[in-house]
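Raw coords.cif, mmCIF, N, CA and C atoms:
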```cif
data_input
#
loop_
_atom_site.label_atom_id
_atom_site.label_comp_id
_atom_site.auth_asym_id
_atom_site.auth_seq_id
_atom_site.Cartn_x
_atom_site.Cartn_y
_atom_site.Cartn_z
N MET Y 178 67.96 -3.67 -0.42
CA MET Y 178 67.79 -5.03 -0.87
C MET Y 178 66.41 -5.53 -0.44
N ILE Y 179 65.71 -6.21 -1.33
CA ILE Y 179 64.39 -6.76 -1.07
C ILE Y 179 64.52 -8.26 -0.84
N GLN Y 180 63.84 -8.74 0.19
CA GLN Y 180 63.84 -10.17 0.49
C GLN Y 180 62.45 -10.58 0.96
N ILE Y 181 61.93 -11.67 0.42
CA ILE Y 181 60.66 -12.23 0.87
C ILE Y 181 60.94 -13.56 1.55
N THR Y 182 60.43 -13.72 2.76
CA THR Y 182 60.61 -14.97 3.49
C THR Y 182 59.26 -15.45 4.01
N LYS Y 183 59.16 -16.76 4.15
CA LYS Y 183 57.98 -17.33 4.81
C LYS Y 183 58.18 -17.12 6.31
N ALA Y 184 57.24 -16.44 6.93
CA ALA Y 184 57.37 -16.07 8.33
C ALA Y 184 57.34 -17.31 9.23
N THR Y 185 58.06 -17.23 10.32
CA THR Y 185 58.09 -18.26 11.35
C THR Y 185 57.30 -17.77 12.56
N PRO Y 186 56.95 -18.67 13.48
CA PRO Y 186 56.25 -18.22 14.69
C PRO Y 186 57.03 -17.15 15.46
N GLN Y 187 58.34 -17.17 15.36
CA GLN Y 187 59.15 -16.16 16.05
C GLN Y 187 58.99 -14.77 15.42
N GLU Y 188 58.44 -14.69 14.22
CA GLU Y 188 58.24 -13.40 13.55
C GLU Y 188 56.79 -12.91 13.68
N ALA Y 189 56.01 -13.57 14.52
CA ALA Y 189 54.59 -13.21 14.67
C ALA Y 189 54.42 -11.75 15.09
N ALA Y 190 55.26 -11.26 15.95
CA ALA Y 190 55.14 -9.86 16.41
C ALA Y 190 55.42 -8.89 15.26
N ALA Y 191 56.37 -9.22 14.41
CA ALA Y 191 56.68 -8.35 13.25
C ALA Y 191 55.50 -8.33 12.28
N VAL Y 192 54.88 -9.48 12.06
CA VAL Y 192 53.70 -9.55 11.19
C VAL Y 192 52.56 -8.76 11.82
N ALA Y 193 52.34 -8.96 13.10
CA ALA Y 193 51.25 -8.27 13.80
C ALA Y 193 51.43 -6.75 13.76
N ALA Y 194 52.67 -6.29 13.85
CA ALA Y 194 52.93 -4.85 13.82
C ALA Y 194 52.52 -4.24 12.48
N LEU Y 195 52.61 -5.00 11.41
CA LEU Y 195 52.13 -4.54 10.10
C LEU Y 195 50.61 -4.73 10.00
N ALA Y 196 50.12 -5.87 10.46
CA ALA Y 196 48.70 -6.20 10.33
C ALA Y 196 47.81 -5.24 11.10
N ILE Y 197 48.27 -4.72 12.22
CA ILE Y 197 47.44 -3.82 13.03
C ILE Y 197 47.13 -2.53 12.28
N ARG Y 198 47.96 -2.19 11.31
CA ARG Y 198 47.73 -0.98 10.51
C ARG Y 198 46.55 -1.18 9.55
N MET Y 199 46.29 -2.44 9.21
CA MET Y 199 45.19 -2.76 8.30
C MET Y 199 43.94 -3.17 9.09
N TRP Y 200 44.13 -3.97 10.10
CA TRP Y 200 43.02 -4.47 10.91
C TRP Y 200 43.01 -3.73 12.24
N GLU Y 201 42.64 -2.47 12.19
CA GLU Y 201 42.75 -1.55 13.33
C GLU Y 201 41.82 -1.89 14.49
N ASP Y 202 40.79 -2.69 14.26
CA ASP Y 202 39.86 -3.05 15.32
C ASP Y 202 40.42 -4.11 16.25
N ASN Y 203 41.60 -4.60 15.98
CA ASN Y 203 42.25 -5.63 16.80
C ASN Y 203 43.24 -4.98 17.75
N THR Y 204 43.84 -5.81 18.59
CA THR Y 204 44.95 -5.35 19.43
C THR Y 204 46.23 -5.99 18.92
N LEU Y 205 47.34 -5.34 19.19
CA LEU Y 205 48.63 -5.88 18.79
C LEU Y 205 48.88 -7.23 19.46
N GLU Y 206 48.52 -7.33 20.72
CA GLU Y 206 48.72 -8.58 21.46
C GLU Y 206 47.85 -9.70 20.88
N GLY Y 207 46.60 -9.37 20.58
CA GLY Y 207 45.70 -10.38 20.01
C GLY Y 207 46.17 -10.86 18.66
N LEU Y 208 46.59 -9.93 17.81
CA LEU Y 208 47.09 -10.32 16.49
C LEU Y 208 48.37 -11.15 16.61
N THR Y 209 49.24 -10.78 17.53
CA THR Y 209 50.48 -11.54 17.71
C THR Y 209 50.15 -12.98 18.08
N GLU Y 210 49.21 -13.17 19.00
CA GLU Y 210 48.81 -14.52 19.40
C GLU Y 210 48.21 -15.28 18.23
N GLU Y 211 47.34 -14.62 17.45
CA GLU Y 211 46.74 -15.28 16.28
C GLU Y 211 47.81 -15.71 15.28
N PHE Y 212 48.76 -14.83 15.02
CA PHE Y 212 49.81 -15.17 14.05
C PHE Y 212 50.74 -16.25 14.58
N GLU Y 213 51.02 -16.26 15.87
CA GLU Y 213 51.84 -17.34 16.43
C GLU Y 213 51.20 -18.69 16.16
N GLU Y 214 49.89 -18.76 16.41
CA GLU Y 214 49.16 -20.01 16.18
C GLU Y 214 49.11 -20.36 14.70
N MET Y 215 48.78 -19.37 13.88
CA MET Y 215 48.66 -19.60 12.44
C MET Y 215 49.98 -20.05 11.83
N LEU Y 216 51.07 -19.45 12.27
CA LEU Y 216 52.37 -19.76 11.69
C LEU Y 216 52.88 -21.15 12.08
N SER Y 217 52.19 -21.79 13.00
CA SER Y 217 52.51 -23.16 13.38
C SER Y 217 51.68 -24.16 12.59
N SER Y 218 50.74 -23.67 11.79
CA SER Y 218 49.81 -24.53 11.04
C SER Y 218 50.36 -24.85 9.65
N GLN Y 219 50.08 -26.05 9.20
CA GLN Y 219 50.42 -26.45 7.83
C GLN Y 219 49.41 -25.91 6.82
N GLU Y 220 48.28 -25.40 7.31
CA GLU Y 220 47.18 -24.95 6.46
C GLU Y 220 47.26 -23.47 6.12
N ALA Y 221 48.29 -22.78 6.61
CA ALA Y 221 48.40 -21.34 6.39
C ALA Y 221 49.86 -20.95 6.18
N ALA Y 222 50.04 -19.80 5.56
CA ALA Y 222 51.38 -19.25 5.37
C ALA Y 222 51.30 -17.74 5.41
N VAL Y 223 52.34 -17.13 5.93
CA VAL Y 223 52.47 -15.68 5.92
C VAL Y 223 53.84 -15.37 5.34
N TYR Y 224 53.85 -14.46 4.40
CA TYR Y 224 55.11 -14.04 3.79
C TYR Y 224 55.40 -12.61 4.21
N LEU Y 225 56.64 -12.38 4.63
CA LEU Y 225 57.11 -11.05 5.00
C LEU Y 225 58.04 -10.54 3.91
N LEU Y 226 57.89 -9.28 3.58
CA LEU Y 226 58.80 -8.64 2.64
C LEU Y 226 59.65 -7.66 3.42
N TYR Y 227 60.96 -7.87 3.34
CA TYR Y 227 61.93 -7.01 4.00
C TYR Y 227 62.57 -6.10 2.96
N ALA Y 228 62.64 -4.82 3.28
CA ALA Y 228 63.38 -3.85 2.48
C ALA Y 228 64.48 -3.30 3.38
N ASP Y 229 65.71 -3.47 2.97
CA ASP Y 229 66.85 -3.05 3.80
C ASP Y 229 66.75 -3.62 5.21
N ASN Y 230 66.42 -4.90 5.30
CA ASN Y 230 66.34 -5.66 6.55
C ASN Y 230 65.23 -5.22 7.48
N GLN Y 231 64.26 -4.44 6.99
CA GLN Y 231 63.12 -4.02 7.79
C GLN Y 231 61.84 -4.61 7.19
N PRO Y 232 60.97 -5.23 8.02
CA PRO Y 232 59.71 -5.74 7.48
C PRO Y 232 58.78 -4.59 7.11
N VAL Y 233 58.39 -4.52 5.82
CA VAL Y 233 57.56 -3.41 5.35
C VAL Y 233 56.26 -3.88 4.71
N ALA Y 234 56.08 -5.19 4.56
CA ALA Y 234 54.88 -5.71 3.92
C ALA Y 234 54.69 -7.18 4.29
N PHE Y 235 53.44 -7.62 4.21
CA PHE Y 235 53.16 -9.04 4.45
C PHE Y 235 51.94 -9.47 3.66
N ALA Y 236 51.85 -10.76 3.46
CA ALA Y 236 50.65 -11.38 2.87
C ALA Y 236 50.35 -12.65 3.65
N GLN Y 237 49.08 -12.84 3.95
CA GLN Y 237 48.62 -14.02 4.67
C GLN Y 237 47.72 -14.83 3.75
N CYS Y 238 48.01 -16.11 3.63
CA CYS Y 238 47.17 -17.00 2.83
C CYS Y 238 46.92 -18.29 3.61
N GLN Y 239 45.87 -18.98 3.21
CA GLN Y 239 45.59 -20.26 3.85
C GLN Y 239 44.73 -21.10 2.93
N LEU Y 240 44.56 -22.33 3.34
CA LEU Y 240 43.67 -23.23 2.61
C LEU Y 240 42.27 -23.09 3.16
N ARG Y 241 41.32 -23.02 2.27
CA ARG Y 241 39.91 -23.03 2.68
C ARG Y 241 39.29 -24.30 2.11
N HIS Y 242 38.69 -25.06 3.01
CA HIS Y 242 38.07 -26.33 2.62
C HIS Y 242 36.57 -26.18 2.43
N ASP Y 243 35.99 -25.10 2.96
CA ASP Y 243 34.56 -24.85 2.78
C ASP Y 243 34.34 -24.25 1.39
N TYR Y 244 33.10 -24.05 1.02
CA TYR Y 244 32.82 -23.48 -0.30
C TYR Y 244 33.37 -22.06 -0.38
N VAL Y 245 34.07 -21.79 -1.46
CA VAL Y 245 34.60 -20.46 -1.73
C VAL Y 245 33.90 -19.94 -2.98
N GLU Y 246 33.26 -18.80 -2.83
CA GLU Y 246 32.49 -18.17 -3.91
C GLU Y 246 33.28 -18.15 -5.21
N GLY Y 247 32.66 -18.68 -6.29
CA GLY Y 247 33.27 -18.62 -7.61
C GLY Y 247 34.27 -19.72 -7.92
N THR Y 248 34.46 -20.67 -7.00
CA THR Y 248 35.42 -21.75 -7.24
C THR Y 248 34.70 -23.09 -7.37
N GLU Y 249 35.44 -24.07 -7.89
CA GLU Y 249 34.86 -25.40 -8.13
C GLU Y 249 35.59 -26.52 -7.41
N THR Y 250 36.73 -26.21 -6.78
CA THR Y 250 37.54 -27.26 -6.17
C THR Y 250 37.70 -27.01 -4.67
N SER Y 251 38.29 -27.97 -4.00
CA SER Y 251 38.60 -27.84 -2.59
C SER Y 251 39.82 -28.70 -2.29
N PRO Y 252 40.76 -28.20 -1.53
CA PRO Y 252 40.80 -26.87 -0.94
C PRO Y 252 41.16 -25.79 -1.97
N VAL Y 253 40.91 -24.56 -1.59
CA VAL Y 253 41.24 -23.40 -2.40
C VAL Y 253 42.25 -22.56 -1.62
N GLY Y 254 43.29 -22.11 -2.28
CA GLY Y 254 44.20 -21.15 -1.66
C GLY Y 254 43.47 -19.82 -1.54
N TYR Y 255 43.63 -19.14 -0.40
CA TYR Y 255 42.86 -17.92 -0.17
C TYR Y 255 43.77 -16.84 0.39
N LEU Y 256 43.74 -15.69 -0.25
CA LEU Y 256 44.47 -14.53 0.24
C LEU Y 256 43.64 -13.87 1.34
N GLU Y 257 44.08 -14.02 2.57
CA GLU Y 257 43.33 -13.50 3.72
C GLU Y 257 43.63 -12.03 3.98
N GLY Y 258 44.83 -11.61 3.64
CA GLY Y 258 45.20 -10.22 3.86
C GLY Y 258 46.54 -9.92 3.23
N ILE Y 259 46.69 -8.68 2.79
CA ILE Y 259 47.95 -8.23 2.22
C ILE Y 259 48.10 -6.75 2.57
N TYR Y 260 49.30 -6.39 3.00
CA TYR Y 260 49.53 -5.01 3.43
C TYR Y 260 50.95 -4.59 3.05
N VAL Y 261 51.06 -3.38 2.53
CA VAL Y 261 52.35 -2.76 2.23
C VAL Y 261 52.37 -1.41 2.92
N ASP Y 262 53.44 -1.13 3.66
CA ASP Y 262 53.59 0.15 4.34
C ASP Y 262 53.40 1.29 3.34
N ASP Y 263 52.73 2.33 3.79
CA ASP Y 263 52.43 3.48 2.92
C ASP Y 263 53.66 4.01 2.19
N THR Y 264 54.79 4.03 2.85
CA THR Y 264 56.01 4.60 2.25
C THR Y 264 56.62 3.71 1.19
N CYS Y 265 56.12 2.48 1.06
CA CYS Y 265 56.71 1.51 0.13
C CYS Y 265 55.77 1.10 -0.99
N ARG Y 266 54.64 1.74 -1.09
CA ARG Y 266 53.66 1.35 -2.11
C ARG Y 266 54.10 1.79 -3.50
N GLY Y 267 53.56 1.12 -4.51
CA GLY Y 267 53.86 1.46 -5.89
C GLY Y 267 55.16 0.87 -6.39
N ARG Y 268 55.72 -0.09 -5.67
CA ARG Y 268 56.99 -0.71 -6.06
C ARG Y 268 56.84 -2.16 -6.49
N GLY Y 269 55.59 -2.66 -6.51
CA GLY Y 269 55.35 -4.04 -6.91
C GLY Y 269 55.48 -5.04 -5.78
N TYR Y 270 55.58 -4.57 -4.54
CA TYR Y 270 55.76 -5.48 -3.42
C TYR Y 270 54.54 -6.37 -3.21
N ALA Y 271 53.34 -5.81 -3.33
CA ALA Y 271 52.13 -6.61 -3.14
C ALA Y 271 52.05 -7.72 -4.19
N LYS Y 272 52.43 -7.42 -5.41
CA LYS Y 272 52.43 -8.44 -6.46
C LYS Y 272 53.42 -9.55 -6.13
N MET Y 273 54.59 -9.19 -5.63
CA MET Y 273 55.59 -10.20 -5.25
C MET Y 273 55.06 -11.10 -4.15
N LEU Y 274 54.41 -10.49 -3.17
CA LEU Y 274 53.85 -11.27 -2.06
C LEU Y 274 52.71 -12.17 -2.53
N LEU Y 275 51.87 -11.64 -3.41
CA LEU Y 275 50.78 -12.45 -3.95
C LEU Y 275 51.34 -13.66 -4.70
N CYS Y 276 52.37 -13.45 -5.48
CA CYS Y 276 53.00 -14.57 -6.21
C CYS Y 276 53.52 -15.63 -5.25
N ALA Y 277 54.11 -15.21 -4.13
CA ALA Y 277 54.59 -16.16 -3.13
C ALA Y 277 53.42 -16.98 -2.57
N CYS Y 278 52.30 -16.31 -2.30
CA CYS Y 278 51.12 -17.01 -1.80
C CYS Y 278 50.56 -17.98 -2.83
N GLU Y 279 50.50 -17.56 -4.07
CA GLU Y 279 50.01 -18.43 -5.13
C GLU Y 279 50.91 -19.65 -5.31
N ASP Y 280 52.22 -19.45 -5.24
CA ASP Y 280 53.16 -20.57 -5.34
C ASP Y 280 52.95 -21.55 -4.19
N TRP Y 281 52.75 -21.01 -2.98
CA TRP Y 281 52.49 -21.85 -1.82
C TRP Y 281 51.22 -22.68 -2.04
N ALA Y 282 50.16 -22.03 -2.52
CA ALA Y 282 48.89 -22.74 -2.76
C ALA Y 282 49.08 -23.85 -3.80
N ARG Y 283 49.83 -23.56 -4.86
CA ARG Y 283 50.11 -24.60 -5.87
C ARG Y 283 50.85 -25.77 -5.21
N ASP Y 284 51.85 -25.45 -4.40
CA ASP Y 284 52.60 -26.50 -3.72
C ASP Y 284 51.72 -27.33 -2.78
N MET Y 285 50.64 -26.73 -2.30
CA MET Y 285 49.70 -27.42 -1.42
C MET Y 285 48.65 -28.20 -2.22
N GLY Y 286 48.77 -28.19 -3.54
CA GLY Y 286 47.86 -28.95 -4.40
C GLY Y 286 46.65 -28.19 -4.90
N CYS Y 287 46.59 -26.91 -4.68
CA CYS Y 287 45.44 -26.11 -5.12
C CYS Y 287 45.54 -25.79 -6.60
N THR Y 288 44.39 -25.77 -7.23
CA THR Y 288 44.31 -25.36 -8.64
C THR Y 288 43.53 -24.05 -8.78
N GLU Y 289 43.04 -23.52 -7.65
CA GLU Y 289 42.34 -22.24 -7.66
C GLU Y 289 42.81 -21.41 -6.48
N PHE Y 290 42.72 -20.09 -6.66
CA PHE Y 290 43.12 -19.14 -5.62
C PHE Y 290 42.08 -18.04 -5.58
N ALA Y 291 41.68 -17.63 -4.40
CA ALA Y 291 40.60 -16.65 -4.27
C ALA Y 291 40.95 -15.61 -3.21
N SER Y 292 40.10 -14.61 -3.12
CA SER Y 292 40.28 -13.52 -2.16
C SER Y 292 38.98 -12.76 -2.03
N ASP Y 293 38.97 -11.72 -1.23
CA ASP Y 293 37.81 -10.84 -1.12
C ASP Y 293 38.28 -9.47 -0.66
N CYS Y 294 37.37 -8.52 -0.71
CA CYS Y 294 37.62 -7.20 -0.14
C CYS Y 294 36.28 -6.56 0.18
N GLU Y 295 36.32 -5.56 1.02
CA GLU Y 295 35.11 -4.82 1.36
C GLU Y 295 34.61 -4.06 0.13
N LEU Y 296 33.30 -3.86 0.05
CA LEU Y 296 32.72 -3.19 -1.11
C LEU Y 296 33.27 -1.79 -1.34
N ASP Y 297 33.62 -1.10 -0.28
CA ASP Y 297 34.11 0.28 -0.42
C ASP Y 297 35.63 0.40 -0.51
N ASN Y 298 36.33 -0.73 -0.53
CA ASN Y 298 37.79 -0.70 -0.59
C ASN Y 298 38.23 -0.70 -2.06
N THR Y 299 38.16 0.46 -2.66
CA THR Y 299 38.46 0.58 -4.10
C THR Y 299 39.92 0.29 -4.42
N GLY Y 300 40.82 0.57 -3.50
CA GLY Y 300 42.23 0.26 -3.72
C GLY Y 300 42.46 -1.23 -3.81
N SER Y 301 41.84 -1.98 -2.91
CA SER Y 301 41.96 -3.44 -2.93
C SER Y 301 41.31 -4.02 -4.18
N LEU Y 302 40.14 -3.50 -4.54
CA LEU Y 302 39.47 -3.96 -5.75
C LEU Y 302 40.36 -3.76 -6.97
N ALA Y 303 40.95 -2.58 -7.09
CA ALA Y 303 41.83 -2.29 -8.23
C ALA Y 303 43.03 -3.23 -8.24
N PHE Y 304 43.62 -3.48 -7.06
CA PHE Y 304 44.76 -4.41 -6.97
C PHE Y 304 44.37 -5.80 -7.45
N HIS Y 305 43.26 -6.33 -6.91
CA HIS Y 305 42.83 -7.67 -7.29
C HIS Y 305 42.60 -7.79 -8.80
N LEU Y 306 41.90 -6.82 -9.36
CA LEU Y 306 41.65 -6.87 -10.81
C LEU Y 306 42.94 -6.78 -11.60
N ALA Y 307 43.87 -5.95 -11.17
CA ALA Y 307 45.16 -5.82 -11.85
C ALA Y 307 45.98 -7.10 -11.76
N MET Y 308 45.75 -7.90 -10.71
CA MET Y 308 46.50 -9.13 -10.51
C MET Y 308 45.83 -10.34 -11.17
N GLY Y 309 44.77 -10.10 -11.94
CA GLY Y 309 44.15 -11.19 -12.69
C GLY Y 309 42.97 -11.85 -12.02
N PHE Y 310 42.58 -11.38 -10.86
CA PHE Y 310 41.37 -11.91 -10.22
C PHE Y 310 40.16 -11.42 -11.01
N GLU Y 311 39.11 -12.24 -11.01
CA GLU Y 311 37.84 -11.85 -11.61
C GLU Y 311 36.81 -11.71 -10.50
N GLU Y 312 36.06 -10.63 -10.55
CA GLU Y 312 35.00 -10.46 -9.56
C GLU Y 312 33.91 -11.49 -9.85
N VAL Y 313 33.51 -12.24 -8.80
CA VAL Y 313 32.52 -13.30 -9.00
C VAL Y 313 31.22 -13.06 -8.25
N ASN Y 314 31.23 -12.10 -7.30
CA ASN Y 314 30.02 -11.87 -6.54
C ASN Y 314 30.20 -10.61 -5.69
N ARG Y 315 29.09 -10.00 -5.34
CA ARG Y 315 29.07 -8.90 -4.35
C ARG Y 315 28.06 -9.27 -3.29
N VAL Y 316 28.41 -9.01 -2.04
CA VAL Y 316 27.55 -9.40 -0.93
C VAL Y 316 27.44 -8.24 0.04
N ILE Y 317 26.24 -8.04 0.54
CA ILE Y 317 26.01 -7.14 1.66
C ILE Y 317 25.47 -8.01 2.78
N CYS Y 318 26.13 -7.99 3.91
CA CYS Y 318 25.74 -8.82 5.03
C CYS Y 318 24.91 -8.02 6.03
N PHE Y 319 23.99 -8.66 6.70
CA PHE Y 319 23.10 -8.02 7.65
C PHE Y 319 23.17 -8.72 9.00
N ALA Y 320 22.91 -7.98 10.06
CA ALA Y 320 22.80 -8.55 11.40
C ALA Y 320 21.92 -7.63 12.24
N LYS Y 321 21.32 -8.21 13.26
CA LYS Y 321 20.59 -7.39 14.22
C LYS Y 321 20.63 -8.09 15.58
N LYS Y 322 20.50 -7.29 16.60
CA LYS Y 322 20.49 -7.82 17.96
C LYS Y 322 19.13 -8.40 18.26
N LEU Y 323 19.06 -9.49 18.96
CA LEU Y 323 17.81 -10.09 19.39
C LEU Y 323 17.57 -9.88 20.86
#
```

Please express what this file holds, its structure, as structure tokens.
Amino acid sequence: MIQITKATPQEAAAVAALAIRMWEDNTLEGLTEEFEEMLSSQEAAVYLLYADNQPVAFAQCQLRHDYVEGTETSPVGYLEGIYVDDTCRGRGYAKMLLCACEDWARDMGCTEFASDCELDNTGSLAFHLAMGFEEVNRVICFAKKL
């Protein structure tokens, strides 16, 4: 059985356990703390997808009030991250989670929804295009130590 729920602060550890697989440069403890705080905010939402009562996927969205590339309104709903366990891919779970995020953004008064991905993340690019997103810009960022 598949179930999608809006995560609560008590589910922060379950979200973090999935998120660490995508954001490997973080720690499980750090992500858990971030999600606990985020899940208490009215400006963000995280949706968990349970398959047979086990969390196997999540999507994180929030409102962005700053300028979002390719948009004309504010705030904009923004897909911050989406992850589906390797063993559960190809079943439409990411699309279901994206729809939940888009519905949340609409309920928050947004008329636009945006996202991003790394230039070399071809899987994410293909997902976004398949879900109706239009590419609006490519950016290469630079930094150096002073």

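Here CA of Glu213 (chain Y) and CA of Ala184 (chain Y) stand 9.9 Å from one another.
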
Counting all atoms listed in the file, what are the residues of region 244-320 of chain Y within 7 Å of region 225-235 of chain Y, and for each of them which pair of atoms is the nearest and at what distance in Å, to one decimal? Sort the table by chain and rising number, as a tab-separated table.
```
residue	atom	partner	partner_atom	distance
Y:Gly258	C	Y:Phe235	C	5.4
Y:Ile259	CA	Y:Phe235	C	4.4
Y:Tyr260	C	Y:Phe235	N	4.1
Y:Val261	CA	Y:Ala234	CA	4.2
Y:Asp262	N	Y:Val233	C	4.1
Y:Leu274	CA	Y:Phe235	C	6.3
```

For the interface of region 191-226 of chain Y with region 237-255 of chain Y (cut-off 8 Å, counting all atoms listed in the file), please tabulate each contacting residue of region 191-226 of chain Y alongside its nearest pair of atoms and their separation in Å to one decimal, rows sorted by chain and increasing number, as a tab-separated table.
```
residue	atom	partner	partner_atom	distance
Y:Gln219	C	Y:Leu240	N	7.0
Y:Glu220	C	Y:Leu240	N	4.0
Y:Ala221	CA	Y:Gln239	CA	3.9
Y:Ala222	N	Y:Cys238	C	4.0
Y:Val223	CA	Y:Gln237	CA	4.4
Y:Tyr224	N	Y:Gln237	N	5.1
Y:Leu225	N	Y:Gln237	N	7.6
```

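Selection check: the PyMOL selection byres ((chain Y and resi 209) around 8) on the shown file gives Y:Glu188, Y:Ala189, Y:Ala190, Y:Ala191, Y:Val192, Y:Ala193, Y:Ala194, Y:Thr204, Y:Leu205, Y:Glu206, Y:Gly207, Y:Leu208, Y:Glu210, Y:Glu211, Y:Phe212, Y:Glu213, Y:Glu214, Y:Met215.
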
Fill in the blank from the handout: Between atom N of Val313 (chain Y) and atom C of Ala236 (chain Y) lies a distance of 20.9 Å

Practice task
Enumerate, as a ChimeraX atom specification, the complete set of residues in chain Y that a backbone-based DSSP assignment places in helix (DSSP H, G or I).
Solution key: /Y:186-199,205-215,263-265,270-284,299-307

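The space between atom N of Gln187 (chain Y) and atom C of Ser218 (chain Y) spans 12.5 Å.
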
Given the file shown, determine the residues that the PyMOL selection byres ((chain Y and resi 284-292) around 5) selects; report them as a PDB file with N, CA and C atoms, keeping the file's coordinate frame.
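Saved file result_27.pdb follows:
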```pdb
ATOM      1  N   VAL Y 253      40.910 -24.560  -1.590  1.00  0.00           N
ATOM      2  CA  VAL Y 253      41.240 -23.400  -2.400  1.00  0.00           C
ATOM      3  C   VAL Y 253      42.250 -22.560  -1.620  1.00  0.00           C
ATOM      4  N   GLY Y 254      43.290 -22.110  -2.280  1.00  0.00           N
ATOM      5  CA  GLY Y 254      44.200 -21.150  -1.660  1.00  0.00           C
ATOM      6  C   GLY Y 254      43.470 -19.820  -1.540  1.00  0.00           C
ATOM      7  N   TYR Y 255      43.630 -19.140  -0.400  1.00  0.00           N
ATOM      8  CA  TYR Y 255      42.860 -17.920  -0.170  1.00  0.00           C
ATOM      9  C   TYR Y 255      43.770 -16.840   0.390  1.00  0.00           C
ATOM     10  N   LEU Y 256      43.740 -15.690  -0.250  1.00  0.00           N
ATOM     11  CA  LEU Y 256      44.470 -14.530   0.240  1.00  0.00           C
ATOM     12  C   LEU Y 256      43.640 -13.870   1.340  1.00  0.00           C
ATOM     13  N   ASP Y 280      52.220 -19.450  -5.240  1.00  0.00           N
ATOM     14  CA  ASP Y 280      53.160 -20.570  -5.340  1.00  0.00           C
ATOM     15  C   ASP Y 280      52.950 -21.550  -4.190  1.00  0.00           C
ATOM     16  N   TRP Y 281      52.750 -21.010  -2.980  1.00  0.00           N
ATOM     17  CA  TRP Y 281      52.490 -21.850  -1.820  1.00  0.00           C
ATOM     18  C   TRP Y 281      51.220 -22.680  -2.040  1.00  0.00           C
ATOM     19  N   ALA Y 282      50.160 -22.030  -2.520  1.00  0.00           N
ATOM     20  CA  ALA Y 282      48.890 -22.740  -2.760  1.00  0.00           C
ATOM     21  C   ALA Y 282      49.080 -23.850  -3.800  1.00  0.00           C
ATOM     22  N   ARG Y 283      49.830 -23.560  -4.860  1.00  0.00           N
ATOM     23  CA  ARG Y 283      50.110 -24.600  -5.870  1.00  0.00           C
ATOM     24  C   ARG Y 283      50.850 -25.770  -5.210  1.00  0.00           C
ATOM     25  N   ASP Y 293      38.970 -11.720  -1.230  1.00  0.00           N
ATOM     26  CA  ASP Y 293      37.810 -10.840  -1.120  1.00  0.00           C
ATOM     27  C   ASP Y 293      38.280  -9.470  -0.660  1.00  0.00           C
ATOM     28  N   CYS Y 294      37.370  -8.520  -0.710  1.00  0.00           N
ATOM     29  CA  CYS Y 294      37.620  -7.200  -0.140  1.00  0.00           C
ATOM     30  C   CYS Y 294      36.280  -6.560   0.180  1.00  0.00           C
TER      31      CYS Y 294
END
```

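Secondary structure from DSSP on the backbone puts strand (DSSP E) at the following positions of region 243-293 of chain Y: Y:Val253, Y:Gly254, Y:Tyr255, Y:Leu256, Y:Glu257, Y:Gly258, Y:Ile259, Y:Tyr260, Y:Val261, Y:Phe290, Y:Ala291, Y:Ser292.
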
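Ranking Y:Gly300, Y:Glu201, Y:Ala307, Y:Glu279 by their shortest atom-to-atom distance to Arg266 (chain Y), with only C-alpha atoms included, puts Y:Gly300 first.
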
Completion exercise
Among Y:Ala320, Y:Ala271, Y:Ser217, Y:Glu295, Met308 (chain Y) is approached most closely, using only C-alpha atoms, by Y:Ala271

From the structure block, carefully write region 220-234 of chain Y out with C-alpha atoms; format it as a PDB file, in the first residue's frame.
```
ATOM      1  CA  GLU Y 220       7.017  28.330   4.855  1.00  0.00           C
ATOM      2  CA  ALA Y 221       8.082  24.750   4.068  1.00  0.00           C
ATOM      3  CA  ALA Y 222       6.665  21.271   3.673  1.00  0.00           C
ATOM      4  CA  VAL Y 223       8.118  17.796   3.388  1.00  0.00           C
ATOM      5  CA  TYR Y 224       6.125  14.895   2.040  1.00  0.00           C
ATOM      6  CA  LEU Y 225       6.985  11.298   2.870  1.00  0.00           C
ATOM      7  CA  LEU Y 226       5.928   8.399   0.703  1.00  0.00           C
ATOM      8  CA  TYR Y 227       5.386   5.143   2.549  1.00  0.00           C
ATOM      9  CA  ALA Y 228       5.315   1.792   0.763  1.00  0.00           C
ATOM     10  CA  ASP Y 229       4.081  -1.024   2.987  1.00  0.00           C
ATOM     11  CA  ASN Y 230       4.438   1.280   6.015  1.00  0.00           C
ATOM     12  CA  GLN Y 231       8.119   2.014   5.278  1.00  0.00           C
ATOM     13  CA  PRO Y 232       9.338   5.499   4.252  1.00  0.00           C
ATOM     14  CA  VAL Y 233      10.943   5.063   0.815  1.00  0.00           C
ATOM     15  CA  ALA Y 234      10.790   8.556  -0.705  1.00  0.00           C
TER      16      ALA Y 234
END
```
